>>> print(open('input-v1.pdb').read())   # PDB, C-alpha atoms and all ligand atoms
ATOM      1  CA  MET A   1       1.234 -18.209  12.175
ATOM      2  CA  ILE A   2       0.788 -14.995  14.140
ATOM      3  CA  SER A   3       1.332 -16.779  17.451
ATOM      4  CA  THR A   4       4.526 -18.343  16.073
ATOM      5  CA  TYR A   5       5.868 -14.936  15.113
ATOM      6  CA  LEU A   6       5.077 -13.537  18.525
ATOM      7  CA  ASN A   7       7.242 -16.066  20.375
ATOM      8  CA  SER A   8      10.516 -14.751  21.699
ATOM      9  CA  GLY A   9      13.118 -14.873  18.936
ATOM     10  CA  ALA A  10      10.365 -14.355  16.377
ATOM     11  CA  GLY A  11      12.640 -12.095  14.361
ATOM     12  CA  ASP A  12      15.315 -14.817  14.260
ATOM     13  CA  ARG A  13      12.874 -17.389  12.927
ATOM     14  CA  ILE A  14      11.513 -14.978  10.319
ATOM     15  CA  LEU A  15      15.026 -14.098   9.150
ATOM     16  CA  LYS A  16      15.846 -17.791   8.727
ATOM     17  CA  VAL A  17      12.700 -18.482   6.725
ATOM     18  CA  ASN A  18      13.169 -15.419   4.569
ATOM     19  CA  HIS A  19      16.790 -16.342   3.906
ATOM     20  CA  ALA A  20      15.661 -19.815   2.781
ATOM     21  CA  GLY A  21      12.925 -18.253   0.646
ATOM     22  CA  GLU A  22      15.374 -15.948  -1.099
ATOM     23  CA  HIS A  23      17.642 -18.941  -1.721
ATOM     24  CA  GLY A  24      14.626 -20.602  -3.346
ATOM     25  CA  ALA A  25      13.929 -17.515  -5.457
ATOM     26  CA  VAL A  26      17.536 -17.356  -6.681
ATOM     27  CA  ASN A  27      17.236 -20.988  -7.750
ATOM     28  CA  ILE A  28      13.895 -20.545  -9.511
ATOM     29  CA  TYR A  29      15.484 -17.875 -11.695
ATOM     30  CA  ALA A  30      18.637 -19.967 -12.157
ATOM     31  CA  GLY A  31      16.513 -22.846 -13.497
ATOM     32  CA  GLN A  32      14.450 -20.555 -15.699
ATOM     33  CA  LEU A  33      17.545 -18.803 -17.048
ATOM     34  CA  LEU A  34      19.038 -22.123 -18.066
ATOM     35  CA  LEU A  35      16.048 -22.937 -20.251
ATOM     36  CA  ALA A  36      15.278 -19.400 -21.366
ATOM     37  CA  ARG A  37      18.610 -19.475 -23.188
ATOM     38  CA  LEU A  38      17.050 -22.087 -25.472
ATOM     39  CA  ARG A  39      13.411 -21.080 -25.537
ATOM     40  CA  ALA A  40      12.772 -17.518 -24.400
ATOM     41  CA  GLY A  41      15.647 -15.244 -25.366
ATOM     42  CA  THR A  42      13.520 -12.127 -24.888
ATOM     43  CA  MET A  43      13.235 -12.888 -21.171
ATOM     44  CA  LEU A  44      16.939 -13.352 -20.487
ATOM     45  CA  ALA A  45      17.668  -9.781 -19.398
ATOM     46  CA  GLU A  46      14.672  -9.610 -17.072
ATOM     47  CA  LEU A  47      15.355 -13.011 -15.499
ATOM     48  CA  ALA A  48      18.998 -12.087 -14.918
ATOM     49  CA  GLU A  49      17.929  -8.777 -13.351
ATOM     50  CA  PHE A  50      15.401 -10.474 -11.035
ATOM     51  CA  LYS A  51      17.963 -13.136 -10.086
ATOM     52  CA  ALA A  52      20.455 -10.423  -9.147
ATOM     53  CA  HIS A  53      17.791  -8.817  -6.901
ATOM     54  CA  GLU A  54      17.133 -12.167  -5.210
ATOM     55  CA  GLU A  55      20.858 -12.670  -4.621
ATOM     56  CA  ARG A  56      20.966  -9.277  -2.943
ATOM     57  CA  HIS A  57      17.932 -10.155  -0.802
ATOM     58  CA  ARG A  58      19.530 -13.455   0.181
ATOM     59  CA  SER A  59      22.705 -11.673   1.224
ATOM     60  CA  ILE A  60      20.729  -9.162   3.329
ATOM     61  CA  PHE A  61      19.208 -12.017   5.339
ATOM     62  CA  ALA A  62      22.460 -14.010   5.357
ATOM     63  CA  GLY A  63      24.197 -10.964   6.833
ATOM     64  CA  GLU A  64      21.604 -10.706   9.622
ATOM     65  CA  LEU A  65      21.896 -14.443  10.374
ATOM     66  CA  GLU A  66      25.667 -14.128  10.523
ATOM     67  CA  ARG A  67      25.484 -11.111  12.814
ATOM     68  CA  ARG A  68      23.228 -13.095  15.157
ATOM     69  CA  VAL A  69      25.370 -16.254  14.845
ATOM     70  CA  LEU A  70      22.367 -18.218  13.612
ATOM     71  CA  ARG A  71      22.411 -21.245  11.340
ATOM     72  CA  ARG A  72      20.512 -21.178   8.090
ATOM     73  CA  CYS A  73      17.009 -22.685   8.103
ATOM     74  CA  ARG A  74      16.682 -26.449   7.759
ATOM     75  CA  SER A  75      14.238 -25.785   4.911
ATOM     76  CA  CYS A  76      17.040 -24.160   2.898
ATOM     77  CA  TRP A  77      17.889 -27.295   0.886
ATOM     78  CA  LEU A  78      14.194 -27.820   0.119
ATOM     79  CA  CYS A  79      13.835 -24.226  -1.112
ATOM     80  CA  GLY A  80      16.992 -24.486  -3.219
ATOM     81  CA  THR A  81      16.202 -27.824  -4.826
ATOM     82  CA  GLY A  82      12.467 -27.220  -5.155
ATOM     83  CA  GLY A  83      13.080 -23.762  -6.564
ATOM     84  CA  PHE A  84      15.527 -25.005  -9.164
ATOM     85  CA  LEU A  85      13.178 -27.806 -10.295
ATOM     86  CA  LEU A  86      10.268 -25.367 -10.462
ATOM     87  CA  GLY A  87      12.449 -23.033 -12.522
ATOM     88  CA  LEU A  88      13.348 -25.807 -14.961
ATOM     89  CA  PHE A  89       9.765 -27.021 -15.227
ATOM     90  CA  THR A  90       8.295 -23.586 -15.907
ATOM     91  CA  GLY A  91      11.241 -22.786 -18.178
ATOM     92  CA  VAL A  92      10.181 -25.714 -20.369
ATOM     93  CA  LEU A  93       6.608 -24.417 -20.434
ATOM     94  CA  GLY A  94       7.691 -20.990 -21.689
ATOM     95  CA  PRO A  95       7.488 -17.248 -20.954
ATOM     96  CA  GLN A  96       3.888 -17.081 -19.788
ATOM     97  CA  ALA A  97       4.376 -19.938 -17.326
ATOM     98  CA  MET A  98       7.546 -18.308 -15.978
ATOM     99  CA  ALA A  99       5.774 -14.985 -15.468
ATOM    100  CA  THR A 100       2.750 -16.733 -13.931
ATOM    101  CA  THR A 101       5.067 -18.471 -11.464
ATOM    102  CA  THR A 102       6.668 -15.204 -10.386
ATOM    103  CA  VAL A 103       3.263 -13.571  -9.872
ATOM    104  CA  ALA A 104       2.044 -16.539  -7.811
ATOM    105  CA  VAL A 105       5.182 -16.661  -5.646
ATOM    106  CA  GLU A 106       5.354 -12.905  -5.109
ATOM    107  CA  ARG A 107       1.679 -12.612  -4.202
ATOM    108  CA  VAL A 108       2.229 -15.032  -1.323
ATOM    109  CA  VAL A 109       5.613 -13.536  -0.399
ATOM    110  CA  LEU A 110       4.290  -9.968  -0.283
ATOM    111  CA  GLN A 111       1.418 -11.011   1.988
ATOM    112  CA  HIS A 112       3.872 -12.729   4.323
ATOM    113  CA  LEU A 113       6.268  -9.784   4.379
ATOM    114  CA  GLN A 114       3.445  -7.415   5.363
ATOM    115  CA  GLN A 115       2.285  -9.876   8.024
ATOM    116  CA  GLN A 116       5.838 -10.219   9.355
ATOM    117  CA  LEU A 117       6.271  -6.441   9.600
ATOM    118  CA  HIS A 118       2.933  -6.182  11.355
ATOM    119  CA  ASP A 119       3.690  -9.001  13.795
ATOM    120  CA  LEU A 120       7.184  -7.762  14.611
ATOM    121  CA  GLY A 121       6.043  -4.227  15.278
ATOM    122  CA  GLN A 122       8.854  -2.562  17.227
ATOM    123  CA  ALA A 123      10.151  -5.863  18.672
ATOM    124  CA  ASP A 124      13.098  -6.336  16.320
ATOM    125  CA  PRO A 125      13.976  -3.207  14.324
ATOM    126  CA  GLU A 126      16.908  -4.851  12.497
ATOM    127  CA  ALA A 127      14.702  -7.704  11.278
ATOM    128  CA  SER A 128      12.032  -5.217  10.204
ATOM    129  CA  ARG A 129      14.659  -3.193   8.369
ATOM    130  CA  ALA A 130      15.871  -6.281   6.477
ATOM    131  CA  ILE A 131      12.301  -7.178   5.502
ATOM    132  CA  SER A 132      11.440  -3.626   4.448
ATOM    133  CA  ALA A 133      14.560  -3.501   2.266
ATOM    134  CA  ILE A 134      13.200  -6.129  -0.137
ATOM    135  CA  VAL A 135       9.503  -5.227  -0.395
ATOM    136  CA  ARG A 136       9.860  -2.800  -3.281
ATOM    137  CA  ASP A 137      11.786  -5.282  -5.450
ATOM    138  CA  GLU A 138       9.255  -8.045  -4.768
ATOM    139  CA  GLN A 139       6.396  -5.726  -5.686
ATOM    140  CA  GLU A 140       8.212  -4.817  -8.898
ATOM    141  CA  HIS A 141       8.766  -8.500  -9.771
ATOM    142  CA  HIS A 142       5.069  -9.081  -9.187
ATOM    143  CA  ASP A 143       3.892  -6.135 -11.246
ATOM    144  CA  ARG A 144       6.204  -6.613 -14.225
ATOM    145  CA  SER A 145       5.447 -10.340 -14.356
ATOM    146  CA  ALA A 146       1.702  -9.752 -14.036
ATOM    147  CA  ALA A 147       1.869  -7.535 -17.112
ATOM    148  CA  ARG A 148       3.700 -10.303 -18.976
ATOM    149  CA  ALA A 149       1.530 -13.183 -17.746
ATOM    150  CA  GLY A 150      -1.807 -11.595 -18.625
ATOM    151  CA  SER A 151      -4.966 -13.243 -17.342
ATOM    152  CA  GLY A 152      -3.980 -16.637 -18.771
ATOM    153  CA  GLY A 153      -6.094 -19.686 -19.496
ATOM    154  CA  PHE A 154      -7.086 -22.614 -17.332
ATOM    155  CA  LEU A 155      -3.615 -24.176 -17.298
ATOM    156  CA  ASN A 156      -1.997 -20.948 -16.162
ATOM    157  CA  ARG A 157      -4.542 -20.509 -13.400
ATOM    158  CA  LEU A 158      -3.894 -24.097 -12.345
ATOM    159  CA  LEU A 159      -0.135 -23.493 -12.360
ATOM    160  CA  ALA A 160      -0.619 -20.304 -10.298
ATOM    161  CA  ALA A 161      -2.727 -22.177  -7.736
ATOM    162  CA  ILE A 162      -0.162 -24.974  -7.415
ATOM    163  CA  VAL A 163       2.774 -22.571  -7.096
ATOM    164  CA  SER A 164       0.966 -20.388  -4.521
ATOM    165  CA  GLY A 165       0.032 -23.475  -2.526
ATOM    166  CA  ALA A 166       3.581 -24.847  -2.653
ATOM    167  CA  THR A 167       4.991 -21.479  -1.552
ATOM    168  CA  GLU A 168       2.598 -21.391   1.425
ATOM    169  CA  VAL A 169       3.590 -24.942   2.400
ATOM    170  CA  VAL A 170       7.304 -24.182   2.214
ATOM    171  CA  ILE A 171       6.903 -21.065   4.399
ATOM    172  CA  TRP A 172       4.698 -22.984   6.847
ATOM    173  CA  LEU A 173       7.297 -25.760   7.049
ATOM    174  CA  GLY A 174      10.135 -23.279   7.406
ATOM    175  CA  MET A 175       8.443 -21.673  10.427
ATOM    176  CA  ARG A 176       8.389 -25.084  12.111
ATOM    177  CA  LEU A 177      11.622 -26.822  11.095
TER     178      LEU A 177
HETATM  179 FE    FE B   1      13.454 -11.752  -2.995
HETATM  180 FE    FE B   2      11.254 -11.641  -6.000
END
>>> encode(input="input-v1.pdb", output="structure tokens", more="lines below")
Ligand SMILES: [Fe+2]
Ligand SMILES: [Fe+2]
Amino acid sequence: MISTYLNSGAGDRILKVNHAGEHGAVNIYAGQLLLARLRAGTMLAELAEFKAHEERHRSIFAGELERRVLRRCRSCWLCGTGGFLLGLFTGVLGPQAMATTTVAVERVVLQHLQQQLHDLGQADPEASRAISAIVRDEQEHHDRSAARAGSGGFLNRLLAAIVSGATEVVIWLGMRL
């Protein structure tokens, strides 16, 4: 992954992938919100707040893509559809599964954001600025959801492993599409 980032235009590629990822995050929360209305009313405010953050993140990256006259990533549809289905699925499972999903996604995302900042160095200050602008929110999503998810049982650990793995695959694909 590091070598991919270090190619010329590395910032462009990262911005595309991050834009697609934020689109996925918006859709995860959209799916969860739909079902939380029926099953987890206590989570509605938090889910709506997180979704609003993700919409802001998506618009930060969309703005950078627009400024650079770049198309969105080809993985965007996959992130949107996959995210929405994941949101619905975990929404059916309930509050702990929703929080577990956020922790699993954010753990992977935060690692990638740090790696991206490291790999970019001084090469693309605008890209680094866009990435830095979302880190605090993602950390907050992680921390608040970790408190809600608790340590969880076997099924939650399984869910976390699947979601982390899927997130890694989507980012890997996005860097190559
Ligand atoms: Fe985000
Ligand atoms: Fe997030």
>>> resolve_selection(input="input-v1.pdb", expression="the PyMOL selection byres (((chain A and resi 91) around 8) and not hetatm)", output="list in words")
Gly31, Gln32, Leu33, Leu34, Leu35, Ala36, Arg39, Gly87, Leu88, Phe89, Thr90, Val92, Leu93, Gly94, Pro95, Ala97 and Met98 of chain A
>>> resolve_selection(input="input-v1.pdb", expression="the PyMOL selection byres (((not hetatm)) within 7 of (chain B and resi 2))", output="VMD selection string")
chain A and resid 25 50 54 106 137 to 138 141
>>> residues_near_ligand(input="input-v1.pdb", ligand="ligand FE 1 (chain B)", cutoff="12 Å", atoms="all atoms listed in the file", output="number ranges by chain")
A: 17-29, 49-61, 102, 105-110, 113, 130-142
>>> resolve_selection(input="input-v1.pdb", expression="the PyMOL selection byres (((chain A and resi 146) around 10) and not hetatm)", output="ChimeraX atom specification")
/A:96,99-104,140-145,147-151
>>> atom_distance(input="input-v1.pdb", atom1="atom CA of Ser128 of chain A", atom2="atom CA of Leu15 of chain A")
9.4 Å
>>> atom_distance(input="input-v1.pdb", atom1="atom CA of Pro125 of chain A", atom2="atom CA of Gly11 of chain A")
9.0 Å
>>> closest_residue(input="input-v1.pdb", among="A:Lys16, A:Leu65, A:Arg74, A:Val163", to="Leu177 of chain A", atoms="all atoms listed in the file")
A:Arg74
>>> atom_distance(input="input-v1.pdb", atom1="atom CA of Gly80 of chain A", atom2="atom CA of Ile171 of chain A")
13.1 Å
>>> closest_residue(input="input-v1.pdb", among="A:His112, A:Arg71, A:Arg37, A:His118", to="Asp12 of chain A", atoms="all atoms listed in the file")
A:Arg71
>>> closest_residue(input="input-v1.pdb", among="A:Ala30, A:Leu173, A:Leu70, A:Ala48", to="Gly9 of chain A", atoms="only C-alpha atoms")
A:Leu70
